[in-house]
file start.pdb (PDB, C-alpha atoms, pLDDT in the B column)
ATOM      1  CA  MET A   1     -36.274 -38.798  21.528  1.00 47.00           C
ATOM      2  CA  THR A   2     -37.840 -36.359  19.087  1.00 51.00           C
ATOM      3  CA  ASP A   3     -40.681 -37.951  17.105  1.00 63.00           C
ATOM      4  CA  ASN A   4     -39.255 -41.156  15.595  1.00 82.00           C
ATOM      5  CA  ALA A   5     -35.629 -39.997  15.624  1.00 91.00           C
ATOM      6  CA  ILE A   6     -33.080 -42.793  15.890  1.00 96.00           C
ATOM      7  CA  ILE A   7     -30.177 -40.306  15.904  1.00 96.00           C
ATOM      8  CA  GLU A   8     -30.198 -36.892  17.576  1.00 96.00           C
ATOM      9  CA  ILE A   9     -27.318 -34.447  17.365  1.00 96.00           C
ATOM     10  CA  ASN A  10     -27.462 -31.288  19.459  1.00 96.00           C
ATOM     11  CA  LYS A  11     -24.974 -28.393  19.189  1.00 97.00           C
ATOM     12  CA  LEU A  12     -22.209 -30.757  18.127  1.00 97.00           C
ATOM     13  CA  ILE A  13     -18.751 -29.177  17.955  1.00 97.00           C
ATOM     14  CA  LYS A  14     -15.357 -30.620  17.088  1.00 97.00           C
ATOM     15  CA  ARG A  15     -12.181 -28.564  17.077  1.00 96.00           C
ATOM     16  CA  TYR A  16      -8.908 -30.358  16.474  1.00 96.00           C
ATOM     17  CA  LYS A  17      -5.890 -29.466  18.573  1.00 94.00           C
ATOM     18  CA  GLY A  18      -3.905 -26.634  17.025  1.00 93.00           C
ATOM     19  CA  SER A  19      -6.767 -25.498  14.765  1.00 94.00           C
ATOM     20  CA  ASP A  20      -8.223 -21.996  14.940  1.00 93.00           C
ATOM     21  CA  SER A  21     -11.639 -23.085  13.608  1.00 94.00           C
ATOM     22  CA  ASN A  22     -14.187 -25.836  14.247  1.00 95.00           C
ATOM     23  CA  ALA A  23     -14.235 -28.869  11.938  1.00 96.00           C
ATOM     24  CA  VAL A  24     -17.873 -29.354  13.011  1.00 96.00           C
ATOM     25  CA  ASP A  25     -19.594 -26.195  14.189  1.00 96.00           C
ATOM     26  CA  SER A  26     -22.779 -26.379  16.328  1.00 95.00           C
ATOM     27  CA  LEU A  27     -24.407 -29.063  14.179  1.00 96.00           C
ATOM     28  CA  ASN A  28     -28.010 -30.079  14.938  1.00 96.00           C
ATOM     29  CA  LEU A  29     -29.568 -33.076  13.180  1.00 94.00           C
ATOM     30  CA  ASN A  30     -32.534 -35.401  13.711  1.00 95.00           C
ATOM     31  CA  ILE A  31     -32.394 -38.597  11.672  1.00 96.00           C
ATOM     32  CA  GLN A  32     -35.579 -40.648  11.602  1.00 96.00           C
ATOM     33  CA  LYS A  33     -35.735 -44.418  11.902  1.00 96.00           C
ATOM     34  CA  GLY A  34     -35.673 -46.074   8.475  1.00 95.00           C
ATOM     35  CA  GLU A  35     -34.332 -43.049   6.588  1.00 96.00           C
ATOM     36  CA  PHE A  36     -31.648 -43.174   3.927  1.00 97.00           C
ATOM     37  CA  TYR A  37     -29.946 -40.001   5.095  1.00 97.00           C
ATOM     38  CA  GLY A  38     -27.326 -38.253   3.001  1.00 95.00           C
ATOM     39  CA  LEU A  39     -24.707 -36.118   4.735  1.00 95.00           C
ATOM     40  CA  LEU A  40     -23.294 -34.191   1.810  1.00 93.00           C
ATOM     41  CA  GLY A  41     -20.597 -31.590   1.378  1.00 90.00           C
ATOM     42  CA  PRO A  42     -17.329 -30.721  -0.383  1.00 88.00           C
ATOM     43  CA  ASN A  43     -13.961 -32.100   0.706  1.00 85.00           C
ATOM     44  CA  GLY A  44     -13.105 -30.807   4.177  1.00 87.00           C
ATOM     45  CA  ALA A  45     -16.722 -29.883   5.000  1.00 91.00           C
ATOM     46  CA  GLY A  46     -16.787 -32.001   8.174  1.00 92.00           C
ATOM     47  CA  LYS A  47     -18.595 -35.120   6.914  1.00 92.00           C
ATOM     48  CA  THR A  48     -16.064 -37.730   8.020  1.00 91.00           C
ATOM     49  CA  THR A  49     -15.490 -35.967  11.353  1.00 94.00           C
ATOM     50  CA  THR A  50     -19.245 -36.021  12.015  1.00 94.00           C
ATOM     51  CA  ILE A  51     -19.549 -39.705  11.111  1.00 93.00           C
ATOM     52  CA  SER A  52     -16.541 -40.546  13.311  1.00 92.00           C
ATOM     53  CA  MET A  53     -18.195 -38.862  16.300  1.00 94.00           C
ATOM     54  CA  LEU A  54     -21.529 -40.583  15.648  1.00 94.00           C
ATOM     55  CA  CYS A  55     -19.768 -43.954  15.608  1.00 91.00           C
ATOM     56  CA  GLY A  56     -17.921 -43.228  18.838  1.00 88.00           C
ATOM     57  CA  LEU A  57     -14.540 -43.262  17.108  1.00 89.00           C
ATOM     58  CA  LEU A  58     -13.884 -39.604  17.887  1.00 93.00           C
ATOM     59  CA  SER A  59     -14.847 -37.587  20.961  1.00 93.00           C
ATOM     60  CA  PRO A  60     -16.745 -34.316  20.441  1.00 95.00           C
ATOM     61  CA  THR A  61     -15.327 -31.086  21.800  1.00 96.00           C
ATOM     62  CA  SER A  62     -18.850 -30.355  23.028  1.00 96.00           C
ATOM     63  CA  GLY A  63     -22.470 -31.186  22.265  1.00 96.00           C
ATOM     64  CA  GLN A  64     -24.653 -34.254  22.581  1.00 96.00           C
ATOM     65  CA  ILE A  65     -25.168 -37.370  20.452  1.00 96.00           C
ATOM     66  CA  LYS A  66     -27.992 -39.834  21.072  1.00 96.00           C
ATOM     67  CA  ILE A  67     -28.178 -43.151  19.230  1.00 96.00           C
ATOM     68  CA  SER A  68     -31.579 -44.836  19.631  1.00 94.00           C
ATOM     69  CA  GLY A  69     -32.089 -42.769  22.787  1.00 93.00           C
ATOM     70  CA  LEU A  70     -28.660 -43.644  24.213  1.00 92.00           C
ATOM     71  CA  ASP A  71     -26.270 -40.801  25.015  1.00 93.00           C
ATOM     72  CA  ILE A  72     -23.074 -42.004  23.364  1.00 91.00           C
ATOM     73  CA  ASN A  73     -20.952 -40.328  26.063  1.00 86.00           C
ATOM     74  CA  TYR A  74     -22.447 -42.598  28.743  1.00 89.00           C
ATOM     75  CA  HIS A  75     -23.644 -45.673  26.831  1.00 91.00           C
ATOM     76  CA  SER A  76     -20.931 -46.021  24.201  1.00 87.00           C
ATOM     77  CA  GLN A  77     -20.710 -49.816  24.075  1.00 89.00           C
ATOM     78  CA  LYS A  78     -24.465 -50.362  23.942  1.00 91.00           C
ATOM     79  CA  ALA A  79     -24.825 -47.744  21.205  1.00 90.00           C
ATOM     80  CA  LYS A  80     -21.972 -49.281  19.207  1.00 89.00           C
ATOM     81  CA  SER A  81     -23.633 -52.715  19.352  1.00 89.00           C
ATOM     82  CA  ILE A  82     -26.504 -51.552  17.121  1.00 94.00           C
ATOM     83  CA  ILE A  83     -24.442 -49.792  14.456  1.00 95.00           C
ATOM     84  CA  GLY A  84     -22.386 -50.899  11.482  1.00 94.00           C
ATOM     85  CA  VAL A  85     -19.585 -48.837   9.966  1.00 94.00           C
ATOM     86  CA  VAL A  86     -18.163 -48.855   6.453  1.00 93.00           C
ATOM     87  CA  PRO A  87     -15.273 -46.348   6.483  1.00 89.00           C
ATOM     88  CA  GLN A  88     -13.926 -44.438   3.515  1.00 87.00           C
ATOM     89  CA  GLU A  89     -10.528 -46.097   3.917  1.00 89.00           C
ATOM     90  CA  ILE A  90     -10.637 -49.830   3.244  1.00 91.00           C
ATOM     91  CA  ALA A  91     -10.660 -51.558   6.657  1.00 92.00           C
ATOM     92  CA  LEU A  92      -9.529 -55.052   5.718  1.00 96.00           C
ATOM     93  CA  PHE A  93      -6.511 -57.252   6.454  1.00 97.00           C
ATOM     94  CA  GLU A  94      -4.624 -57.504   3.182  1.00 97.00           C
ATOM     95  CA  ASP A  95      -2.839 -60.761   4.036  1.00 97.00           C
ATOM     96  CA  LEU A  96      -6.025 -62.576   5.079  1.00 97.00           C
ATOM     97  CA  THR A  97      -8.508 -64.125   2.667  1.00 98.00           C
ATOM     98  CA  ALA A  98     -11.970 -62.664   2.102  1.00 97.00           C
ATOM     99  CA  LYS A  99     -13.556 -65.362   4.278  1.00 97.00           C
ATOM    100  CA  GLU A 100     -10.944 -64.950   7.037  1.00 97.00           C
ATOM    101  CA  ASN A 101     -11.595 -61.206   7.108  1.00 97.00           C
ATOM    102  CA  LEU A 102     -15.331 -61.690   7.447  1.00 97.00           C
ATOM    103  CA  ARG A 103     -14.933 -64.327  10.154  1.00 96.00           C
ATOM    104  CA  PHE A 104     -12.788 -61.875  12.129  1.00 96.00           C
ATOM    105  CA  PHE A 105     -15.397 -59.098  11.922  1.00 95.00           C
ATOM    106  CA  ALA A 106     -18.253 -61.493  12.719  1.00 94.00           C
ATOM    107  CA  GLU A 107     -16.479 -62.692  15.862  1.00 94.00           C
ATOM    108  CA  MET A 108     -15.622 -59.102  16.803  1.00 91.00           C
ATOM    109  CA  HIS A 109     -19.355 -58.338  16.759  1.00 90.00           C
ATOM    110  CA  GLY A 110     -20.067 -61.366  18.944  1.00 90.00           C
ATOM    111  CA  MET A 111     -21.823 -63.435  16.293  1.00 91.00           C
ATOM    112  CA  LYS A 112     -22.151 -67.180  16.857  1.00 91.00           C
ATOM    113  CA  LYS A 113     -20.241 -69.384  14.439  1.00 92.00           C
ATOM    114  CA  SER A 114     -23.451 -71.209  13.541  1.00 89.00           C
ATOM    115  CA  ASP A 115     -24.915 -67.874  12.432  1.00 89.00           C
ATOM    116  CA  PHE A 116     -22.041 -66.302  10.558  1.00 92.00           C
ATOM    117  CA  ILE A 117     -20.781 -69.277   8.513  1.00 92.00           C
ATOM    118  CA  SER A 118     -23.862 -69.426   6.283  1.00 91.00           C
ATOM    119  CA  CYS A 119     -24.267 -65.635   6.390  1.00 94.00           C
ATOM    120  CA  ILE A 120     -20.758 -65.110   4.998  1.00 96.00           C
ATOM    121  CA  ASP A 121     -21.378 -67.515   2.104  1.00 94.00           C
ATOM    122  CA  ILE A 122     -24.673 -65.810   1.240  1.00 95.00           C
ATOM    123  CA  TYR A 123     -23.101 -62.338   1.130  1.00 95.00           C
ATOM    124  CA  LEU A 124     -20.028 -63.438  -0.813  1.00 96.00           C
ATOM    125  CA  ASP A 125     -22.337 -64.948  -3.424  1.00 95.00           C
ATOM    126  CA  LYS A 126     -24.572 -61.860  -3.487  1.00 93.00           C
ATOM    127  CA  PHE A 127     -21.614 -59.574  -4.133  1.00 94.00           C
ATOM    128  CA  SER A 128     -20.034 -61.862  -6.765  1.00 93.00           C
ATOM    129  CA  LEU A 129     -17.096 -62.740  -4.505  1.00 96.00           C
ATOM    130  CA  LYS A 130     -17.823 -66.422  -3.860  1.00 95.00           C
ATOM    131  CA  ASP A 131     -15.060 -67.603  -6.185  1.00 96.00           C
ATOM    132  CA  LYS A 132     -12.639 -65.271  -4.357  1.00 96.00           C
ATOM    133  CA  ALA A 133     -13.584 -66.450  -0.845  1.00 96.00           C
ATOM    134  CA  ASN A 134     -10.194 -68.071  -0.191  1.00 97.00           C
ATOM    135  CA  LYS A 135      -8.055 -65.506  -2.020  1.00 97.00           C
ATOM    136  CA  ARG A 136      -5.983 -62.952  -0.117  1.00 98.00           C
ATOM    137  CA  VAL A 137      -7.465 -59.463  -0.137  1.00 97.00           C
ATOM    138  CA  LYS A 138      -4.217 -57.919  -1.423  1.00 97.00           C
ATOM    139  CA  THR A 139      -4.952 -59.590  -4.784  1.00 97.00           C
ATOM    140  CA  PHE A 140      -8.378 -57.898  -5.063  1.00 96.00           C
ATOM    141  CA  SER A 141      -9.318 -54.960  -7.282  1.00 93.00           C
ATOM    142  CA  GLY A 142     -10.591 -51.721  -5.746  1.00 91.00           C
ATOM    143  CA  GLY A 143     -14.213 -52.620  -6.487  1.00 91.00           C
ATOM    144  CA  MET A 144     -13.846 -56.057  -4.906  1.00 94.00           C
ATOM    145  CA  LYS A 145     -12.349 -54.536  -1.753  1.00 95.00           C
ATOM    146  CA  ARG A 146     -15.202 -52.014  -1.535  1.00 93.00           C
ATOM    147  CA  ARG A 147     -17.780 -54.784  -1.790  1.00 93.00           C
ATOM    148  CA  LEU A 148     -16.015 -56.870   0.873  1.00 96.00           C
ATOM    149  CA  ASN A 149     -15.664 -53.788   3.080  1.00 95.00           C
ATOM    150  CA  LEU A 150     -19.441 -53.324   2.911  1.00 95.00           C
ATOM    151  CA  ILE A 151     -20.116 -56.961   3.846  1.00 96.00           C
ATOM    152  CA  ALA A 152     -17.871 -56.572   6.906  1.00 95.00           C
ATOM    153  CA  GLY A 153     -20.008 -53.639   8.054  1.00 94.00           C
ATOM    154  CA  ILE A 154     -23.401 -55.336   7.747  1.00 94.00           C
ATOM    155  CA  LEU A 155     -22.727 -58.991   8.704  1.00 94.00           C
ATOM    156  CA  HIS A 156     -24.172 -58.507  12.204  1.00 93.00           C
ATOM    157  CA  SER A 157     -27.397 -56.921  10.844  1.00 93.00           C
ATOM    158  CA  PRO A 158     -27.072 -53.512  12.541  1.00 95.00           C
ATOM    159  CA  GLN A 159     -30.057 -51.214  13.069  1.00 96.00           C
ATOM    160  CA  ILE A 160     -28.012 -48.273  11.759  1.00 97.00           C
ATOM    161  CA  LEU A 161     -25.389 -48.331   9.021  1.00 97.00           C
ATOM    162  CA  PHE A 162     -22.832 -45.556   8.565  1.00 96.00           C
ATOM    163  CA  LEU A 163     -21.242 -45.303   5.124  1.00 93.00           C
ATOM    164  CA  ASP A 164     -18.427 -42.872   4.389  1.00 90.00           C
ATOM    165  CA  GLU A 165     -17.989 -42.469   0.609  1.00 88.00           C
ATOM    166  CA  PRO A 166     -18.778 -46.184  -0.026  1.00 87.00           C
ATOM    167  CA  THR A 167     -18.469 -46.037  -3.821  1.00 85.00           C
ATOM    168  CA  VAL A 168     -15.529 -43.680  -4.281  1.00 83.00           C
ATOM    169  CA  GLY A 169     -13.004 -44.731  -6.918  1.00 82.00           C
ATOM    170  CA  ILE A 170     -14.678 -47.929  -8.105  1.00 85.00           C
ATOM    171  CA  ASP A 171     -16.040 -49.283 -11.379  1.00 86.00           C
ATOM    172  CA  VAL A 172     -19.612 -48.697 -12.541  1.00 89.00           C
ATOM    173  CA  GLN A 173     -20.633 -52.334 -12.026  1.00 89.00           C
ATOM    174  CA  SER A 174     -19.447 -52.397  -8.396  1.00 87.00           C
ATOM    175  CA  ARG A 175     -21.120 -49.062  -7.735  1.00 88.00           C
ATOM    176  CA  ASN A 176     -24.391 -50.353  -9.148  1.00 89.00           C
ATOM    177  CA  VAL A 177     -24.281 -53.578  -7.088  1.00 90.00           C
ATOM    178  CA  ILE A 178     -23.605 -51.595  -3.895  1.00 90.00           C
ATOM    179  CA  ALA A 179     -26.340 -49.037  -4.637  1.00 90.00           C
ATOM    180  CA  GLU A 180     -28.945 -51.741  -5.304  1.00 92.00           C
ATOM    181  CA  PHE A 181     -28.024 -53.575  -2.116  1.00 93.00           C
ATOM    182  CA  LEU A 182     -28.207 -50.404  -0.003  1.00 94.00           C
ATOM    183  CA  HIS A 183     -31.642 -49.641  -1.416  1.00 93.00           C
ATOM    184  CA  GLU A 184     -32.757 -53.185  -0.545  1.00 94.00           C
ATOM    185  CA  ILE A 185     -31.592 -53.169   3.096  1.00 95.00           C
ATOM    186  CA  ASN A 186     -32.997 -49.686   3.622  1.00 95.00           C
ATOM    187  CA  LYS A 187     -36.351 -50.828   2.222  1.00 95.00           C
ATOM    188  CA  ASN A 188     -36.235 -53.662   4.769  1.00 94.00           C
ATOM    189  CA  GLY A 189     -35.902 -51.180   7.634  1.00 94.00           C
ATOM    190  CA  MET A 190     -32.218 -50.430   8.153  1.00 96.00           C
ATOM    191  CA  THR A 191     -31.427 -46.759   8.792  1.00 97.00           C
ATOM    192  CA  ILE A 192     -28.553 -45.613   6.586  1.00 97.00           C
ATOM    193  CA  ILE A 193     -26.378 -42.528   7.037  1.00 96.00           C
ATOM    194  CA  TYR A 194     -24.322 -41.955   3.925  1.00 93.00           C
ATOM    195  CA  THR A 195     -21.668 -39.341   3.199  1.00 91.00           C
ATOM    196  CA  SER A 196     -20.734 -38.415  -0.328  1.00 85.00           C
ATOM    197  CA  HIS A 197     -19.883 -35.632  -2.736  1.00 77.00           C
ATOM    198  CA  MET A 198     -21.403 -37.641  -5.627  1.00 83.00           C
ATOM    199  CA  MET A 199     -24.631 -35.727  -6.082  1.00 87.00           C
ATOM    200  CA  GLU A 200     -26.284 -37.841  -8.783  1.00 88.00           C
ATOM    201  CA  GLU A 201     -25.890 -40.967  -6.670  1.00 88.00           C
ATOM    202  CA  ALA A 202     -27.131 -39.196  -3.528  1.00 91.00           C
ATOM    203  CA  GLU A 203     -30.193 -37.851  -5.339  1.00 91.00           C
ATOM    204  CA  LYS A 204     -31.167 -41.391  -6.395  1.00 91.00           C
ATOM    205  CA  LEU A 205     -30.507 -43.059  -3.041  1.00 93.00           C
ATOM    206  CA  CYS A 206     -31.362 -40.604  -0.278  1.00 95.00           C
ATOM    207  CA  SER A 207     -34.807 -39.954   1.198  1.00 95.00           C
ATOM    208  CA  HIS A 208     -33.443 -36.976   3.149  1.00 96.00           C
ATOM    209  CA  ILE A 209     -30.241 -34.941   2.908  1.00 95.00           C
ATOM    210  CA  SER A 210     -28.240 -32.421   4.853  1.00 95.00           C
ATOM    211  CA  ILE A 211     -25.601 -30.353   3.063  1.00 93.00           C
ATOM    212  CA  ILE A 212     -22.812 -29.088   5.295  1.00 94.00           C
ATOM    213  CA  ASP A 213     -19.889 -26.800   4.609  1.00 93.00           C
ATOM    214  CA  PHE A 214     -17.180 -25.570   6.969  1.00 93.00           C
ATOM    215  CA  GLY A 215     -18.817 -27.718   9.637  1.00 94.00           C
ATOM    216  CA  LYS A 216     -22.194 -25.966   9.427  1.00 95.00           C
ATOM    217  CA  GLU A 217     -25.466 -27.135   7.939  1.00 94.00           C
ATOM    218  CA  ILE A 218     -26.540 -25.035   4.948  1.00 93.00           C
ATOM    219  CA  ALA A 219     -29.488 -27.097   3.621  1.00 92.00           C
ATOM    220  CA  ASN A 220     -31.773 -29.813   4.956  1.00 93.00           C
ATOM    221  CA  GLY A 221     -34.756 -31.715   3.566  1.00 94.00           C
ATOM    222  CA  LYS A 222     -35.950 -34.161   0.936  1.00 94.00           C
ATOM    223  CA  PRO A 223     -33.907 -33.826  -2.289  1.00 92.00           C
ATOM    224  CA  ALA A 224     -36.946 -33.171  -4.517  1.00 91.00           C
ATOM    225  CA  GLU A 225     -38.297 -30.507  -2.168  1.00 92.00           C
ATOM    226  CA  ILE A 226     -34.954 -28.695  -1.928  1.00 91.00           C
ATOM    227  CA  ILE A 227     -34.626 -28.680  -5.731  1.00 91.00           C
ATOM    228  CA  GLN A 228     -38.208 -27.446  -6.155  1.00 89.00           C
ATOM    229  CA  LYS A 229     -37.580 -24.487  -3.821  1.00 88.00           C
ATOM    230  CA  ASN A 230     -34.665 -23.292  -5.968  1.00 84.00           C
ATOM    231  CA  GLU A 231     -36.005 -22.124  -9.343  1.00 83.00           C
ATOM    232  CA  ASN A 232     -32.631 -21.978 -11.061  1.00 86.00           C
ATOM    233  CA  CYS A 233     -31.620 -25.501 -10.012  1.00 90.00           C
ATOM    234  CA  ASN A 234     -32.634 -28.662 -11.889  1.00 91.00           C
ATOM    235  CA  ASN A 235     -30.931 -31.280  -9.735  1.00 92.00           C
ATOM    236  CA  LEU A 236     -28.978 -31.817  -6.528  1.00 92.00           C
ATOM    237  CA  GLU A 237     -25.659 -31.004  -8.185  1.00 91.00           C
ATOM    238  CA  ASP A 238     -26.991 -27.549  -9.138  1.00 92.00           C
ATOM    239  CA  ILE A 239     -28.077 -27.019  -5.519  1.00 92.00           C
ATOM    240  CA  PHE A 240     -24.723 -28.188  -4.227  1.00 89.00           C
ATOM    241  CA  LEU A 241     -22.730 -25.843  -6.484  1.00 90.00           C
ATOM    242  CA  SER A 242     -25.078 -22.954  -5.757  1.00 89.00           C
ATOM    243  CA  LEU A 243     -24.606 -23.340  -1.996  1.00 87.00           C
ATOM    244  CA  THR A 244     -20.946 -24.351  -1.755  1.00 85.00           C
ATOM    245  CA  GLY A 245     -19.483 -22.563  -4.786  1.00 81.00           C
ATOM    246  CA  ARG A 246     -17.550 -23.827  -7.786  1.00 72.00           C
ATOM    247  CA  ARG A 247     -14.079 -23.436  -6.298  1.00 69.00           C
ATOM    248  CA  VAL A 248     -12.130 -26.702  -6.284  1.00 57.00           C
ATOM    249  CA  ARG A 249     -11.568 -28.050  -2.756  1.00 56.00           C
ATOM    250  CA  GLU A 250      -8.343 -29.908  -2.020  1.00 58.00           C
TER     251      GLU A 250
END

call {"tool": "encode", "arguments": {"input": "start.pdb", "output": "structure tokens"}}
result
Amino acid sequence: MTDNAIIEINKLIKRYKGSDSNAVDSLNLNIQKGEFYGLLGPNGAGKTTTISMLCGLLSPTSGQIKISGLDINYHSQKAKSIIGVVPQEIALFEDLTAKENLRFFAEMHGMKKSDFISCIDIYLDKFSLKDKANKRVKTFSGGMKRRLNLIAGILHSPQILFLDEPTVGIDVQSRNVIAEFLHEINKNGMTIIYTSHMMEEAEKLCSHISIIDFGKEIANGKPAEIIQKNENCNNLEDIFLSLTGRRVRE
């Protein structure tokens, strides 16, 4: 691997059937171990497609992905065992309780019952869901579902955590709890890859960012350094608008 890269992406391309353009177009990225890496871009830029390929949920049209030195095309299961995924769409069973959902995901990741029982209680308490442990998820608010969705992705203590718009559409309190927790687990060594179009949040959380548009990378580096290089920009949102335009994306 290059330097201390835990993820390497080389000439990654994805073209969906029937499309006349690439959703991801010759993308090259090196993500270092322990980084909080922001993959930023407008709607339709290719963020979710990239994350889906990195997680092994979607096959690339061409190119190479290495996760901790493992080529995901040949070592898919081993690579998947060290990652956690928190998708943009809530991935929970509405008719199961919070605790039943978490038990399912813990068992899916091969955790021993003796390990996950106490772990589930600790996380439910940490995310202010302990009193909702035995309530069905369909009764939860959007913020509660987002918090539970995050727990499901990190129960097995992955080396790498993929987050696709983890705080979209939720209340300020839930967003703050999630942001603080992500900062904590990253500080303790977990590599985080985070997609968002919320620039203020990304600027606070991310140690390194890549801005993509139309499947191509258009900026890469530490947020403060990118801002400093652009005299007319005071923050990451200014950079984002300068590079991707002000036109509304559907």

call {"tool": "resolve_selection", "arguments": {"input": "start.pdb", "expression": "the PyMOL selection byres ((chain A and resi 189-196) around 6)", "output": "PDB file with C-alpha atoms, keeping the file's coordinate frame"}}
result
ATOM      1  CA  LYS A  33     -35.735 -44.418  11.902  1.00 96.00           C
ATOM      2  CA  GLY A  34     -35.673 -46.074   8.475  1.00 95.00           C
ATOM      3  CA  GLU A  35     -34.332 -43.049   6.588  1.00 96.00           C
ATOM      4  CA  PHE A  36     -31.648 -43.174   3.927  1.00 97.00           C
ATOM      5  CA  TYR A  37     -29.946 -40.001   5.095  1.00 97.00           C
ATOM      6  CA  GLY A  38     -27.326 -38.253   3.001  1.00 95.00           C
ATOM      7  CA  LEU A  39     -24.707 -36.118   4.735  1.00 95.00           C
ATOM      8  CA  LEU A  40     -23.294 -34.191   1.810  1.00 93.00           C
ATOM      9  CA  GLN A 159     -30.057 -51.214  13.069  1.00 96.00           C
ATOM     10  CA  ILE A 160     -28.012 -48.273  11.759  1.00 97.00           C
ATOM     11  CA  LEU A 161     -25.389 -48.331   9.021  1.00 97.00           C
ATOM     12  CA  PHE A 162     -22.832 -45.556   8.565  1.00 96.00           C
ATOM     13  CA  LEU A 163     -21.242 -45.303   5.124  1.00 93.00           C
ATOM     14  CA  ASP A 164     -18.427 -42.872   4.389  1.00 90.00           C
ATOM     15  CA  GLU A 165     -17.989 -42.469   0.609  1.00 88.00           C
ATOM     16  CA  ILE A 185     -31.592 -53.169   3.096  1.00 95.00           C
ATOM     17  CA  ASN A 186     -32.997 -49.686   3.622  1.00 95.00           C
ATOM     18  CA  LYS A 187     -36.351 -50.828   2.222  1.00 95.00           C
ATOM     19  CA  ASN A 188     -36.235 -53.662   4.769  1.00 94.00           C
ATOM     20  CA  HIS A 197     -19.883 -35.632  -2.736  1.00 77.00           C
ATOM     21  CA  MET A 198     -21.403 -37.641  -5.627  1.00 83.00           C
TER      22      MET A 198
END

call {"tool": "axis_aligned_box", "arguments": {"input": "start.pdb", "around": "segment 39-43 of chain A", "padding_each_side": "4 Å", "output": "AutoDock Vina command-line options"}}
result
--center_x -19.3 --center_y -33.4 --center_z 2.2 --size_x 18.7 --size_y 13.4 --size_z 13.1

call {"tool": "resolve_selection", "arguments": {"input": "start.pdb", "expression": "the PyMOL selection byres ((chain A and resi 43-53) around 10)", "output": "PyMOL selection string"}}
result
chain A and resi 9+12-15+22-25+27+39-42+54-61+65+72+85+87-88+162-165+193-197+211-217+244+248-250

call {"tool": "write_last_selection", "arguments": {"input": "start.pdb", "atoms": "C-alpha atoms", "output": "PDB file, keeping the file's coordinate frame"}}
result
ATOM      1  CA  ILE A   9     -27.318 -34.447  17.365  1.00 96.00           C
ATOM      2  CA  LEU A  12     -22.209 -30.757  18.127  1.00 97.00           C
ATOM      3  CA  ILE A  13     -18.751 -29.177  17.955  1.00 97.00           C
ATOM      4  CA  LYS A  14     -15.357 -30.620  17.088  1.00 97.00           C
ATOM      5  CA  ARG A  15     -12.181 -28.564  17.077  1.00 96.00           C
ATOM      6  CA  ASN A  22     -14.187 -25.836  14.247  1.00 95.00           C
ATOM      7  CA  ALA A  23     -14.235 -28.869  11.938  1.00 96.00           C
ATOM      8  CA  VAL A  24     -17.873 -29.354  13.011  1.00 96.00           C
ATOM      9  CA  ASP A  25     -19.594 -26.195  14.189  1.00 96.00           C
ATOM     10  CA  LEU A  27     -24.407 -29.063  14.179  1.00 96.00           C
ATOM     11  CA  LEU A  39     -24.707 -36.118   4.735  1.00 95.00           C
ATOM     12  CA  LEU A  40     -23.294 -34.191   1.810  1.00 93.00           C
ATOM     13  CA  GLY A  41     -20.597 -31.590   1.378  1.00 90.00           C
ATOM     14  CA  PRO A  42     -17.329 -30.721  -0.383  1.00 88.00           C
ATOM     15  CA  LEU A  54     -21.529 -40.583  15.648  1.00 94.00           C
ATOM     16  CA  CYS A  55     -19.768 -43.954  15.608  1.00 91.00           C
ATOM     17  CA  GLY A  56     -17.921 -43.228  18.838  1.00 88.00           C
ATOM     18  CA  LEU A  57     -14.540 -43.262  17.108  1.00 89.00           C
ATOM     19  CA  LEU A  58     -13.884 -39.604  17.887  1.00 93.00           C
ATOM     20  CA  SER A  59     -14.847 -37.587  20.961  1.00 93.00           C
ATOM     21  CA  PRO A  60     -16.745 -34.316  20.441  1.00 95.00           C
ATOM     22  CA  THR A  61     -15.327 -31.086  21.800  1.00 96.00           C
ATOM     23  CA  ILE A  65     -25.168 -37.370  20.452  1.00 96.00           C
ATOM     24  CA  ILE A  72     -23.074 -42.004  23.364  1.00 91.00           C
ATOM     25  CA  VAL A  85     -19.585 -48.837   9.966  1.00 94.00           C
ATOM     26  CA  PRO A  87     -15.273 -46.348   6.483  1.00 89.00           C
ATOM     27  CA  GLN A  88     -13.926 -44.438   3.515  1.00 87.00           C
ATOM     28  CA  PHE A 162     -22.832 -45.556   8.565  1.00 96.00           C
ATOM     29  CA  LEU A 163     -21.242 -45.303   5.124  1.00 93.00           C
ATOM     30  CA  ASP A 164     -18.427 -42.872   4.389  1.00 90.00           C
ATOM     31  CA  GLU A 165     -17.989 -42.469   0.609  1.00 88.00           C
ATOM     32  CA  ILE A 193     -26.378 -42.528   7.037  1.00 96.00           C
ATOM     33  CA  TYR A 194     -24.322 -41.955   3.925  1.00 93.00           C
ATOM     34  CA  THR A 195     -21.668 -39.341   3.199  1.00 91.00           C
ATOM     35  CA  SER A 196     -20.734 -38.415  -0.328  1.00 85.00           C
ATOM     36  CA  HIS A 197     -19.883 -35.632  -2.736  1.00 77.00           C
ATOM     37  CA  ILE A 211     -25.601 -30.353   3.063  1.00 93.00           C
ATOM     38  CA  ILE A 212     -22.812 -29.088   5.295  1.00 94.00           C
ATOM     39  CA  ASP A 213     -19.889 -26.800   4.609  1.00 93.00           C
ATOM     40  CA  PHE A 214     -17.180 -25.570   6.969  1.00 93.00           C
ATOM     41  CA  GLY A 215     -18.817 -27.718   9.637  1.00 94.00           C
ATOM     42  CA  LYS A 216     -22.194 -25.966   9.427  1.00 95.00           C
ATOM     43  CA  GLU A 217     -25.466 -27.135   7.939  1.00 94.00           C
ATOM     44  CA  THR A 244     -20.946 -24.351  -1.755  1.00 85.00           C
ATOM     45  CA  VAL A 248     -12.130 -26.702  -6.284  1.00 57.00           C
ATOM     46  CA  ARG A 249     -11.568 -28.050  -2.756  1.00 56.00           C
ATOM     47  CA  GLU A 250      -8.343 -29.908  -2.020  1.00 58.00           C
TER      48      GLU A 250
END

call {"tool": "residues_around", "arguments": {"input": "start.pdb", "residues": "segment 110-114 of chain A", "least_positions_apart": "3", "cutoff": "12 Å", "atoms": "all atoms listed in the file", "output": "PyMOL selection string"}}
result
chain A and resi 81-82+102-107+117-120+154-158
